[in-house]
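*Asks:* Dropping a structure here in structure tokens format, bear with me for questions.
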Amino acid sequence: QVQLVESGGGWVQAGGSLRLSCAASGIIFRLYTVDWYRQAPGKQRDLVARITSVFGATNYADSVKGRFTISRDNAKNTVLLHMANLKPEDTAVYYCHLRVDSYDYWGQGTQVTVSS
């Protein structure tokens, strides 16, 4: 059974940094593209960053380019999201996601709150 567990959220002042972690189990992790999404209250869930399976290519939402960095450690079945220069508009629940055979798997989410 595929499981994704996020950690590392919390409260931070604007301009600060946080590192989120997503630990995967139940799959051959290195074979899958992994995403970070976020959802603010009353808003849709949006893609924040993606890292591909084979070459580890990355892409980012325009709103986080230059501030967020996604990386993966296939030996540890883990994807990290380093978030720097955080802004109040980054406040949201952050979710780890991957797709296996057209089925979407999500973690439970981790709350990030940025105060001004």
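Chain labels follow the order of the structure tokens: the first chain is A, the next B, and so on; residue numbering restarts at 1 in every chain, and ligands are counted from 1 in their shown order.
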Write out as a PyMOL selection string all residues of chain A that backbone DSSP assigns to strand (DSSP E).

*Replies:* chain A and resi 3-7+10-13+18-25+34-39+46-51+58-60+68-73+78-83+92-100+103-106+110-115

*Asks:* I want to know what sits within 9 Å of Leu81 (chain A), based on only C-alpha atoms, with residues of the same chain fewer than 5 positions away left out; could you give that as a PyMOL selection string?

*Replies:* chain A and resi 18-22+36+49+68-72

*Asks:* Based on DSSP run over this structure's backbone, return all residues of region 9-69 of chain A in helix (DSSP H, G or I), as a PyMOL selection string.

*Replies:* chain A and resi 29-31+62-64

*Asks:* Between A:Glu89, A:Ala40, A:Leu98, A:His82, which is the closest to Ser63 (chain A) once you count only C-alpha atoms?

*Replies:*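 Ranking A:Glu89, A:Ala40, A:Leu98, A:His82 by distance to Ser63 (chain A), first place goes to A:Glu89.
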
*Asks:* Given the choices A:Gly26, A:Gly16, A:Gly56, A:Gly66, which gets closest to Leu86 (chain A) if the distance is worked out from only C-alpha atoms?

*Replies:* A:Gly16
